[in-house]
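Text of the file input.cif, holding mmCIF, C-alpha atoms:
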data_model
#
loop_
_atom_site.group_PDB
_atom_site.id
_atom_site.type_symbol
_atom_site.label_atom_id
_atom_site.label_comp_id
_atom_site.auth_asym_id
_atom_site.auth_seq_id
_atom_site.Cartn_x
_atom_site.Cartn_y
_atom_site.Cartn_z
ATOM 1 C CA MET A 260 115.632 132.520 72.283
ATOM 2 C CA THR A 261 113.369 135.042 74.034
ATOM 3 C CA ARG A 262 110.975 136.747 71.629
ATOM 4 C CA PRO A 263 108.058 139.151 72.124
ATOM 5 C CA GLY A 264 104.944 137.454 73.433
ATOM 6 C CA SER A 265 101.302 138.458 73.212
ATOM 7 C CA THR A 266 99.982 141.826 74.343
ATOM 8 C CA GLY A 267 97.249 140.557 76.668
ATOM 9 C CA VAL A 268 97.178 140.469 80.476
ATOM 10 C CA LEU A 269 99.765 137.700 80.409
ATOM 11 C CA PRO A 270 102.856 137.856 78.182
ATOM 12 C CA TYR A 271 102.149 134.252 77.132
ATOM 13 C CA ARG A 272 98.989 132.530 75.958
ATOM 14 C CA LEU A 273 100.365 128.992 76.238
ATOM 15 C CA ILE A 274 101.969 127.480 79.355
ATOM 16 C CA ALA A 275 103.675 124.153 78.620
ATOM 17 C CA THR A 276 104.887 122.025 81.509
ATOM 18 C CA ASP A 277 106.704 118.725 81.668
ATOM 19 C CA LEU A 278 105.439 116.377 84.394
ATOM 20 C CA ASP A 279 108.168 114.368 86.150
ATOM 21 C CA GLY A 280 110.795 116.563 87.753
ATOM 22 C CA THR A 281 108.916 119.715 86.743
ATOM 23 C CA LEU A 282 105.212 119.974 87.564
ATOM 24 C CA LEU A 283 105.198 116.892 89.790
ATOM 25 C CA ARG A 284 107.008 116.853 93.104
ATOM 26 C CA GLY A 285 109.113 113.887 94.115
ATOM 27 C CA ASP A 286 106.036 112.188 95.579
ATOM 28 C CA LYS A 287 104.254 112.497 92.183
ATOM 29 C CA THR A 288 101.794 115.131 93.411
ATOM 30 C CA VAL A 289 101.247 118.765 92.441
ATOM 31 C CA SER A 290 101.433 121.228 95.309
ATOM 32 C CA PRO A 291 98.426 123.406 96.245
ATOM 33 C CA ARG A 292 100.488 126.491 95.399
ATOM 34 C CA THR A 293 101.222 125.231 91.887
ATOM 35 C CA ARG A 294 97.603 124.192 91.344
ATOM 36 C CA GLU A 295 96.513 127.698 92.335
ATOM 37 C CA ALA A 296 99.058 129.323 90.008
ATOM 38 C CA LEU A 297 97.850 127.202 87.092
ATOM 39 C CA ARG A 298 94.233 128.060 87.889
ATOM 40 C CA ALA A 299 95.124 131.750 87.951
ATOM 41 C CA VAL A 300 96.883 131.748 84.566
ATOM 42 C CA ARG A 301 93.967 129.869 82.999
ATOM 43 C CA GLU A 302 91.557 132.461 84.396
ATOM 44 C CA ALA A 303 93.818 135.136 82.920
ATOM 45 C CA GLY A 304 93.276 133.600 79.478
ATOM 46 C CA ALA A 305 96.233 131.264 78.991
ATOM 47 C CA HIS A 306 96.092 127.617 77.973
ATOM 48 C CA HIS A 307 97.984 125.030 80.008
ATOM 49 C CA VAL A 308 99.341 122.052 78.072
ATOM 50 C CA VAL A 309 101.091 119.126 79.736
ATOM 51 C CA ALA A 310 103.994 117.864 77.608
ATOM 52 C CA THR A 311 105.435 114.618 78.914
ATOM 53 C CA GLY A 312 107.588 111.734 77.822
ATOM 54 C CA ARG A 313 105.077 109.392 79.440
ATOM 55 C CA SER A 314 102.665 107.663 77.079
ATOM 56 C CA VAL A 315 98.942 108.348 77.407
ATOM 57 C CA ALA A 316 98.475 105.153 79.406
ATOM 58 C CA TRP A 317 101.033 106.317 81.986
ATOM 59 C CA THR A 318 99.651 109.882 82.074
ATOM 60 C CA ARG A 319 95.860 109.494 82.262
ATOM 61 C CA ASP A 320 95.610 108.829 86.006
ATOM 62 C CA ILE A 321 97.826 111.793 86.846
ATOM 63 C CA LEU A 322 95.718 114.103 84.685
ATOM 64 C CA ARG A 323 92.509 112.860 86.283
ATOM 65 C CA ASP A 324 93.944 113.580 89.720
ATOM 66 C CA LEU A 325 94.794 117.112 88.591
ATOM 67 C CA GLY A 326 91.288 117.625 87.229
ATOM 68 C CA TYR A 327 93.030 118.369 83.928
ATOM 69 C CA ARG A 328 90.722 118.357 80.898
ATOM 70 C CA GLY A 329 92.840 119.980 78.204
ATOM 71 C CA LEU A 330 95.301 118.750 75.598
ATOM 72 C CA ALA A 331 98.346 116.751 76.627
ATOM 73 C CA VAL A 332 101.415 116.025 74.513
ATOM 74 C CA CYS A 333 102.452 112.476 75.461
ATOM 75 C CA GLY A 334 105.123 109.983 74.454
ATOM 76 C CA GLN A 335 107.719 112.681 73.582
ATOM 77 C CA GLY A 336 105.290 114.173 71.051
ATOM 78 C CA ALA A 337 104.066 110.879 69.594
ATOM 79 C CA GLN A 338 100.555 111.230 71.020
ATOM 80 C CA LEU A 339 98.232 114.217 71.323
ATOM 81 C CA TYR A 340 95.647 113.383 73.969
ATOM 82 C CA HIS A 341 92.410 115.146 74.878
ATOM 83 C CA ALA A 342 92.090 114.565 78.614
ATOM 84 C CA GLY A 343 88.510 115.835 78.869
ATOM 85 C CA GLU A 344 87.302 113.453 76.177
ATOM 86 C CA GLU A 345 89.791 110.712 77.141
ATOM 87 C CA ARG A 346 90.803 110.036 73.550
ATOM 88 C CA ILE A 347 93.957 110.166 71.474
ATOM 89 C CA LEU A 348 93.661 112.769 68.728
ATOM 90 C CA THR A 349 96.864 111.961 66.832
ATOM 91 C CA SER A 350 99.524 109.282 67.121
ATOM 92 C CA VAL A 351 102.911 108.709 65.481
ATOM 93 C CA THR A 352 104.288 105.177 65.707
ATOM 94 C CA LEU A 353 107.801 103.797 65.341
ATOM 95 C CA ASP A 354 108.174 101.448 62.382
ATOM 96 C CA ARG A 355 108.604 98.014 63.949
ATOM 97 C CA PHE A 356 110.991 96.612 61.345
ATOM 98 C CA LEU A 357 113.131 99.733 61.696
ATOM 99 C CA ALA A 358 113.020 99.377 65.494
ATOM 100 C CA GLN A 359 114.354 95.810 65.287
ATOM 101 C CA THR A 360 117.023 96.911 62.818
ATOM 102 C CA VAL A 361 118.158 99.697 65.141
ATOM 103 C CA VAL A 362 118.440 97.326 68.101
ATOM 104 C CA ALA A 363 120.465 94.863 66.013
ATOM 105 C CA LYS A 364 122.829 97.612 64.819
ATOM 106 C CA LEU A 365 123.332 98.946 68.327
ATOM 107 C CA GLU A 366 124.002 95.523 69.825
ATOM 108 C CA ALA A 367 126.498 94.776 67.058
ATOM 109 C CA ALA A 368 128.354 97.975 67.961
ATOM 110 C CA LEU A 369 127.828 98.245 71.732
ATOM 111 C CA GLY A 370 127.139 94.721 72.926
ATOM 112 C CA PRO A 371 123.981 93.364 74.606
ATOM 113 C CA LEU A 372 121.293 95.883 75.509
ATOM 114 C CA ALA A 373 118.273 95.766 77.757
ATOM 115 C CA VAL A 374 115.237 96.718 75.649
ATOM 116 C CA ALA A 375 111.644 97.683 76.422
ATOM 117 C CA ALA A 376 108.840 98.778 74.109
ATOM 118 C CA ASN A 377 105.959 101.180 74.729
ATOM 119 C CA ARG A 378 102.875 100.142 72.788
ATOM 120 C CA ASP A 379 100.547 102.669 71.193
ATOM 121 C CA GLY A 380 96.963 103.326 72.276
ATOM 122 C CA LEU A 381 95.026 104.180 75.421
ATOM 123 C CA ALA A 382 96.217 100.978 77.119
ATOM 124 C CA GLY A 383 99.783 101.333 75.871
ATOM 125 C CA GLU A 384 101.511 98.574 77.836
ATOM 126 C CA VAL A 385 105.251 98.718 78.438
ATOM 127 C CA ILE A 386 106.829 95.385 77.461
ATOM 128 C CA LEU A 387 110.232 94.471 78.938
ATOM 129 C CA ASP A 388 112.738 91.909 77.748
ATOM 130 C CA GLU A 389 114.467 89.794 80.381
ATOM 131 C CA ARG A 390 117.612 91.931 80.459
ATOM 132 C CA PHE A 391 115.590 95.089 81.073
ATOM 133 C CA ARG A 392 113.640 93.486 83.897
ATOM 134 C CA ALA A 393 116.853 92.318 85.549
ATOM 135 C CA SER A 394 118.858 95.519 84.985
ATOM 136 C CA PRO A 395 119.220 98.103 87.754
ATOM 137 C CA GLY A 396 117.377 101.388 87.408
ATOM 138 C CA ARG A 397 114.351 103.402 88.445
ATOM 139 C CA GLY A 398 112.423 103.386 85.189
ATOM 140 C CA PHE A 399 108.904 101.916 85.418
ATOM 141 C CA ARG A 400 109.173 101.351 89.157
ATOM 142 C CA GLU A 401 107.437 104.563 90.206
ATOM 143 C CA ASP A 402 103.901 103.517 89.259
ATOM 144 C CA PRO A 403 103.088 100.312 91.138
ATOM 145 C CA GLY A 404 99.571 100.278 89.698
ATOM 146 C CA ARG A 405 100.936 99.905 86.167
ATOM 147 C CA ASP A 406 103.369 97.014 86.233
ATOM 148 C CA PRO A 407 105.259 96.503 82.941
ATOM 149 C CA TRP A 408 104.902 93.170 81.211
ATOM 150 C CA PRO A 409 108.140 91.123 81.075
ATOM 151 C CA VAL A 410 108.595 88.661 78.193
ATOM 152 C CA GLY A 411 111.132 85.968 77.439
ATOM 153 C CA ASP A 412 110.806 86.203 73.651
ATOM 154 C CA ARG A 413 112.044 89.605 72.500
ATOM 155 C CA SER A 414 110.033 89.390 69.269
ATOM 156 C CA VAL A 415 106.911 90.063 71.357
ATOM 157 C CA LEU A 416 108.191 93.615 71.858
ATOM 158 C CA PHE A 417 107.620 94.272 68.168
ATOM 159 C CA ALA A 418 104.359 92.346 67.727
ATOM 160 C CA GLU A 419 102.038 95.395 67.930
ATOM 161 C CA PRO A 420 102.261 99.108 67.029
ATOM 162 C CA LEU A 421 104.637 100.968 69.339
ATOM 163 C CA ILE A 422 105.564 104.588 69.922
ATOM 164 C CA LYS A 423 109.088 104.139 71.283
ATOM 165 C CA LEU A 424 111.769 101.862 72.702
ATOM 166 C CA TYR A 425 113.702 102.195 75.961
ATOM 167 C CA LEU A 426 117.345 101.117 76.146
ATOM 168 C CA ARG A 427 119.799 100.346 78.932
ATOM 169 C CA HIS A 428 123.421 99.244 78.762
ATOM 170 C CA PRO A 429 125.208 97.233 81.477
ATOM 171 C CA THR A 430 128.097 99.703 81.779
ATOM 172 C CA LEU A 431 127.288 102.889 79.851
ATOM 173 C CA GLY A 432 125.346 105.626 81.652
ATOM 174 C CA ASP A 433 122.371 107.432 80.137
ATOM 175 C CA ASP A 434 124.253 110.266 78.431
ATOM 176 C CA ALA A 435 127.028 107.977 77.181
ATOM 177 C CA LEU A 436 124.571 105.430 75.801
ATOM 178 C CA ALA A 437 122.513 108.121 74.075
ATOM 179 C CA ALA A 438 125.637 109.636 72.510
ATOM 180 C CA ALA A 439 126.929 106.260 71.332
ATOM 181 C CA ALA A 440 123.538 105.283 69.927
ATOM 182 C CA LEU A 441 123.231 108.615 68.127
ATOM 183 C CA GLU A 442 126.587 107.977 66.500
ATOM 184 C CA GLU A 443 125.467 104.569 65.242
ATOM 185 C CA VAL A 444 121.820 105.097 64.236
ATOM 186 C CA GLY A 445 121.189 108.844 64.395
ATOM 187 C CA GLY A 446 120.197 108.941 60.744
ATOM 188 C CA LEU A 447 117.462 106.361 61.270
ATOM 189 C CA VAL A 448 115.746 107.391 64.506
ATOM 190 C CA SER A 449 115.748 110.098 67.154
ATOM 191 C CA LEU A 450 117.200 109.422 70.607
ATOM 192 C CA THR A 451 116.754 111.223 73.895
ATOM 193 C CA VAL A 452 117.349 110.897 77.630
ATOM 194 C CA SER A 453 114.049 111.282 79.473
ATOM 195 C CA GLY A 454 114.990 110.295 83.014
ATOM 196 C CA GLU A 455 117.333 108.196 85.083
ATOM 197 C CA ASP A 456 117.999 104.909 83.252
ATOM 198 C CA LEU A 457 115.728 105.864 80.349
ATOM 199 C CA VAL A 458 117.285 106.319 76.911
ATOM 200 C CA GLU A 459 114.490 106.424 74.349
ATOM 201 C CA VAL A 460 114.378 105.530 70.649
ATOM 202 C CA LEU A 461 111.766 107.553 68.733
ATOM 203 C CA PRO A 462 110.624 108.056 65.146
ATOM 204 C CA LEU A 463 113.119 110.258 63.312
ATOM 205 C CA GLY A 464 112.443 113.959 63.924
ATOM 206 C CA LEU A 465 109.977 113.384 66.746
ATOM 207 C CA ASP A 466 110.257 115.464 69.919
ATOM 208 C CA LYS A 467 108.128 117.454 72.336
ATOM 209 C CA ALA A 468 108.464 120.604 70.215
ATOM 210 C CA ARG A 469 106.756 118.874 67.313
ATOM 211 C CA GLY A 470 103.937 117.638 69.528
ATOM 212 C CA LEU A 471 103.551 120.982 71.267
ATOM 213 C CA SER A 472 103.404 122.857 67.963
ATOM 214 C CA LEU A 473 100.505 120.621 66.940
ATOM 215 C CA ALA A 474 98.702 121.342 70.215
ATOM 216 C CA ALA A 475 99.394 125.064 69.802
ATOM 217 C CA ARG A 476 97.829 125.124 66.335
ATOM 218 C CA ARG A 477 94.690 123.489 67.677
ATOM 219 C CA LEU A 478 94.521 126.116 70.413
ATOM 220 C CA GLY A 479 95.182 129.021 68.049
ATOM 221 C CA THR A 480 98.510 129.923 69.647
ATOM 222 C CA ARG A 481 102.124 129.904 68.482
ATOM 223 C CA ALA A 482 105.683 129.587 69.697
ATOM 224 C CA ALA A 483 106.054 133.350 70.243
ATOM 225 C CA GLU A 484 103.216 133.159 72.804
ATOM 226 C CA THR A 485 104.583 130.166 74.727
ATOM 227 C CA ILE A 486 106.523 129.668 77.944
ATOM 228 C CA ALA A 487 107.754 126.122 78.604
ATOM 229 C CA PHE A 488 109.137 124.387 81.707
ATOM 230 C CA GLY A 489 111.314 121.253 81.792
ATOM 231 C CA ASP A 490 114.141 119.385 83.463
ATOM 232 C CA MET A 491 115.564 116.652 81.206
ATOM 233 C CA PRO A 492 117.255 116.522 77.769
ATOM 234 C CA ASN A 493 113.953 115.421 76.204
ATOM 235 C CA ASP A 494 112.663 118.910 77.116
ATOM 236 C CA VAL A 495 115.407 120.812 75.274
ATOM 237 C CA ALA A 496 113.595 120.985 71.919
ATOM 238 C CA MET A 497 110.401 122.208 73.608
ATOM 239 C CA LEU A 498 112.187 124.910 75.615
ATOM 240 C CA ASP A 499 114.065 126.004 72.507
ATOM 241 C CA TRP A 500 110.823 126.148 70.485
ATOM 242 C CA ALA A 501 109.021 128.296 73.058
ATOM 243 C CA ALA A 502 109.449 132.062 73.351
ATOM 244 C CA HIS A 503 110.770 131.552 76.877
ATOM 245 C CA GLY A 504 112.280 128.348 78.229
ATOM 246 C CA VAL A 505 112.519 127.699 81.957
ATOM 247 C CA ALA A 506 114.734 125.005 83.483
ATOM 248 C CA MET A 507 114.124 123.643 86.961
ATOM 249 C CA ALA A 508 116.891 123.900 89.574
ATOM 250 C CA ASN A 509 117.027 120.086 89.491
ATOM 251 C CA ALA A 510 117.391 120.052 85.695
ATOM 252 C CA HIS A 511 120.019 118.224 83.655
ATOM 253 C CA PRO A 512 122.961 120.516 82.737
ATOM 254 C CA ALA A 513 121.984 120.388 79.052
ATOM 255 C CA VAL A 514 118.603 121.904 79.887
ATOM 256 C CA LYS A 515 120.022 124.680 82.061
ATOM 257 C CA GLU A 516 122.501 125.526 79.309
ATOM 258 C CA ILE A 517 119.812 126.411 76.750
ATOM 259 C CA ALA A 518 117.148 127.813 79.099
ATOM 260 C CA ASP A 519 116.329 131.509 79.350
ATOM 261 C CA GLU A 520 116.103 131.192 83.114
ATOM 262 C CA VAL A 521 116.429 128.663 85.913
ATOM 263 C CA THR A 522 113.726 128.550 88.565
ATOM 264 C CA LEU A 523 113.499 126.667 91.847
ATOM 265 C CA GLY A 524 113.233 122.880 91.862
ATOM 266 C CA ASN A 525 110.114 120.793 91.410
ATOM 267 C CA ASP A 526 109.889 120.226 95.169
ATOM 268 C CA ALA A 527 110.104 123.984 95.819
ATOM 269 C CA ASP A 528 107.240 125.214 93.586
ATOM 270 C CA GLY A 529 109.545 126.389 90.809
ATOM 271 C CA VAL A 530 106.748 126.471 88.223
ATOM 272 C CA ALA A 531 104.441 128.428 90.538
ATOM 273 C CA LEU A 532 107.175 130.967 91.300
ATOM 274 C CA VAL A 533 107.499 131.925 87.621
ATOM 275 C CA LEU A 534 103.752 131.935 86.937
ATOM 276 C CA GLU A 535 103.061 134.120 89.975
ATOM 277 C CA ARG A 536 105.628 136.611 88.709
ATOM 278 C CA LEU A 537 103.924 136.711 85.307
ATOM 279 C CA LEU A 538 100.608 137.503 86.966
ATOM 280 C CA LEU A 539 101.958 140.543 88.802
ATOM 281 C CA PRO A 540 100.769 143.871 87.363
ATOM 282 C CA THR A 541 103.419 145.790 85.447
ATOM 283 C CA SER A 542 103.976 149.487 85.883
#
Could I get this file's structure written as structure tokens?
Amino acid sequence: MTRPGSTGVLPYRLIATDLDGTLLRGDKTVSPRTREALRAVREAGAHHVVATGRSVAWTRDILRDLGYRGLAVCGQGAQLYHAGEERILTSVTLDRFLAQTVVAKLEAALGPLAVAANRDGLAGEVILDERFRASPGRGFREDPGRDPWPVGDRSVLFAEPLIKLYLRHPTLGDDALAAAALEEVGGLVSLTVSGEDLVEVLPLGLDKARGLSLAARRLGTRAAETIAFGDMPNDVAMLDWAAHGVAMANAHPAVKEIADEVTLGNDADGVALVLERLLLPTS
């Protein structure tokens, strides 16, 4: 996967980082060391692009705290967001009739599912059905300022444009549910595991690589000039697209398997460690 990069001071002109489990520590902050490393690579001429599974609505506050004003790939590539202008530049939505059809097919094959929907737009509420609200799991419980909206009537989930669905199963784990769902509806939608208890249903062919390639074109860069960092299966396409893919020590085995290298964990400044090495003068 490693290919020649640019010939400037840095070997890469685009630094792409996932947020949760990668750039963010366990307490949802970015360490001073990592902030300094990102500042240094920007001063050296590289662009930093955040590429996250979070929708814009669940990313904006984090970016403000970082003082981040660049492009952000959000919603697994569904949304390209300009943080400085606080506006969505492009958005890809999941067909709502197709989304309902997929849920019906999966429940016919796998039994009852817990389902949530992520609406499109700057507000982008997450709507939970009753099973999802009652099911165990960490998803949507890490941002107390953005409480999801539970509903009793599942049809409300599909009442407005949405970018993705979240699924849980009462007995199947994340990887098993994603594999089973792919077997049933893989020709209709894309599926990925983005975190603990979060199996996502996306428009067919959508992933972070697609969103990052769009951001790269706007910035005048390309895959051969990109280094990408990630930790979960939803990062695999992005790391594979980039010239150099870096998995965190805390990464899912599927990510480590395809990465060009494995750095330290997100709580041990793994991103900063690699960026600092890139900034060292070469003999």
Option closest in space to A:Gly489, from A:Ser350, A:Thr281, A:Ser290, A:Asn525 [counting all atoms listed in the file]: A:Thr281
Interatomic distance, atom CA of A:Ile422 to atom CA of A:Val458 (Å, one decimal):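 If I compute the distance from atom CA of A:Ile422 to atom CA of A:Val458, I get 13.8 Å.
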Got a sec: who's within 9 Å of A:Val362, counting all atoms listed in the file, leaving out chain neighbours fewer than 6 positions off, as a compact mmCIF listing (two decimals) with C-alpha atoms, keeping the file's coordinate frame?
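around24.txt was written with the following content:
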# COMPACT_ATOMS: atom_id res chain seq x y z
CA LEU A 372 121.29 95.88 75.51
CA VAL A 374 115.24 96.72 75.65
CA LEU A 426 117.34 101.12 76.15
Can you build me a table of stretch 370-464 of chain A residues sitting at most 12 Å from stretch 468-488 of chain A, with the closest atom pair per residue and its distance in Å to one decimal, using all atoms listed in the file, sorted by chain and residue number, as a tab-separated table?
residue	atom	partner	partner_atom	distance
A:Pro462	CA	A:Arg469	CA	11.7
A:Leu463	CA	A:Arg469	CA	11.4
A:Gly464	CA	A:Arg469	CA	8.2
Written file, previous selection with C-alpha atoms, as an mmCIF file, in the coordinates of the input:
data_model
loop_
_atom_site.group_PDB
_atom_site.id
_atom_site.type_symbol
_atom_site.label_atom_id
_atom_site.label_comp_id
_atom_site.auth_asym_id
_atom_site.auth_seq_id
_atom_site.Cartn_x
_atom_site.Cartn_y
_atom_site.Cartn_z
ATOM 1 C CA PRO A 462 110.624 108.056 65.146
ATOM 2 C CA LEU A 463 113.119 110.258 63.312
ATOM 3 C CA GLY A 464 112.443 113.959 63.924
#
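Distances to A:Asp388 were evaluated for A:His503, A:Gly411, A:Glu366, A:Gln338 using only C-alpha atoms, and the minimum falls at A:Gly411.
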Pairwise distance for atom CA of A:Met497 and atom CA of A:Ala513, rounded to one decimal in Å: 12.9 Å
d(atom CA of A:Arg328, atom CA of A:Glu345) in Å: 8.6 Å
Within 12 Å of A:Thr288 using only C-alpha atoms, minus same-chain residues under 4 positions, as a list in words: Leu278, Asp279, Gly280, Thr281, Leu282, Leu283, Arg284, Arg292, Thr293, Arg294, Asp320, Ile321, Leu322, Arg323, Asp324, Leu325, Asn525, Asp526 and Asp528 of chain A
Stretch 340-427 of chain A near stretch 439-450 of chain A within 8 Å: what's each residue's closest atom pair and its distance in Å to one decimal, counting only C-alpha atoms, ordered by chain then ascending residue number, as CSV?
residue,atom,partner,partner_atom,distance
A:Leu357,CA,A:Leu447,CA,7.9
A:Val361,CA,A:Val444,CA,6.6
A:Lys364,CA,A:Glu443,CA,7.5
A:Leu365,CA,A:Ala440,CA,6.5
A:Ala368,CA,A:Glu443,CA,7.7
Print the selection's residues with C-alpha atoms to a file, as a PDB file, in the coordinates of the input.
ATOM      1  CA  LEU A 357     113.131  99.733  61.696  1.00  0.00           C
ATOM      2  CA  VAL A 361     118.158  99.697  65.141  1.00  0.00           C
ATOM      3  CA  LYS A 364     122.829  97.612  64.819  1.00  0.00           C
ATOM      4  CA  LEU A 365     123.332  98.946  68.327  1.00  0.00           C
ATOM      5  CA  ALA A 368     128.354  97.975  67.961  1.00  0.00           C
TER       6      ALA A 368
END
Explicit residue set for the PyMOL selection byres ((chain A and resi 430) around 12), as a ChimeraX atom specification: /A:369-373,394-395,427-429,431-436,456
Top pick for closest residue to A:Leu498, considering A:Ile517, A:Lys287, A:Val385, A:Gly312 and counting only C-alpha atoms: A:Ile517
Chain and number of each residue from the PyMOL selection byres ((chain A and resi 510) around 10), as a list of chain:residue names: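 So the PyMOL selection byres ((chain A and resi 510) around 10) ends up selecting A:Gly280, A:Thr281, A:Gly489, A:Asp490, A:Met491, A:Pro492, A:Asp494, A:Val505, A:Ala506, A:Met507, A:Ala508, A:Asn509, A:His511, A:Pro512, A:Ala513, A:Val514, A:Lys515, A:Glu516, A:Val521, A:Thr522, A:Leu523, A:Gly524, A:Asn525.
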Hits from the PyMOL selection byres ((chain A and resi 413) around 12), listed as a list in words: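 Given this file, the PyMOL selection byres ((chain A and resi 413) around 12) evaluates to Gln359, Val362, Ala363, Leu372, Ala373, Val374, Ala375, Ala376, Ile386, Leu387, Asp388, Glu389, Arg390, Phe391, Trp408, Pro409, Val410, Gly411, Asp412, Ser414, Val415, Leu416, Phe417 and Ala418 of chain A.
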Non-local contacts of A:Leu534 (10 Å; only C-alpha atoms; under 5 positions in same chain excluded) as a PyMOL selection string: chain A and resi 269+274+293+295-297+299-300+486+529+539
Selection export as a PDB file, in the coordinates of the input, atoms kept: C-alpha atoms:
ATOM      1  CA  LEU A 269      99.765 137.700  80.409  1.00  0.00           C
ATOM      2  CA  ILE A 274     101.969 127.480  79.355  1.00  0.00           C
ATOM      3  CA  THR A 293     101.222 125.231  91.887  1.00  0.00           C
ATOM      4  CA  GLU A 295      96.513 127.698  92.335  1.00  0.00           C
ATOM      5  CA  ALA A 296      99.058 129.323  90.008  1.00  0.00           C
ATOM      6  CA  LEU A 297      97.850 127.202  87.092  1.00  0.00           C
ATOM      7  CA  ALA A 299      95.124 131.750  87.951  1.00  0.00           C
ATOM      8  CA  VAL A 300      96.883 131.748  84.566  1.00  0.00           C
ATOM      9  CA  ILE A 486     106.523 129.668  77.944  1.00  0.00           C
ATOM     10  CA  GLY A 529     109.545 126.389  90.809  1.00  0.00           C
ATOM     11  CA  LEU A 539     101.958 140.543  88.802  1.00  0.00           C
TER      12      LEU A 539
END
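Between A:Ala310 and the residues A:Val332, A:Ala358, A:Val289, A:Ala393, the shortest atom-to-atom distance, using all atoms listed in the file, involves A:Val332.
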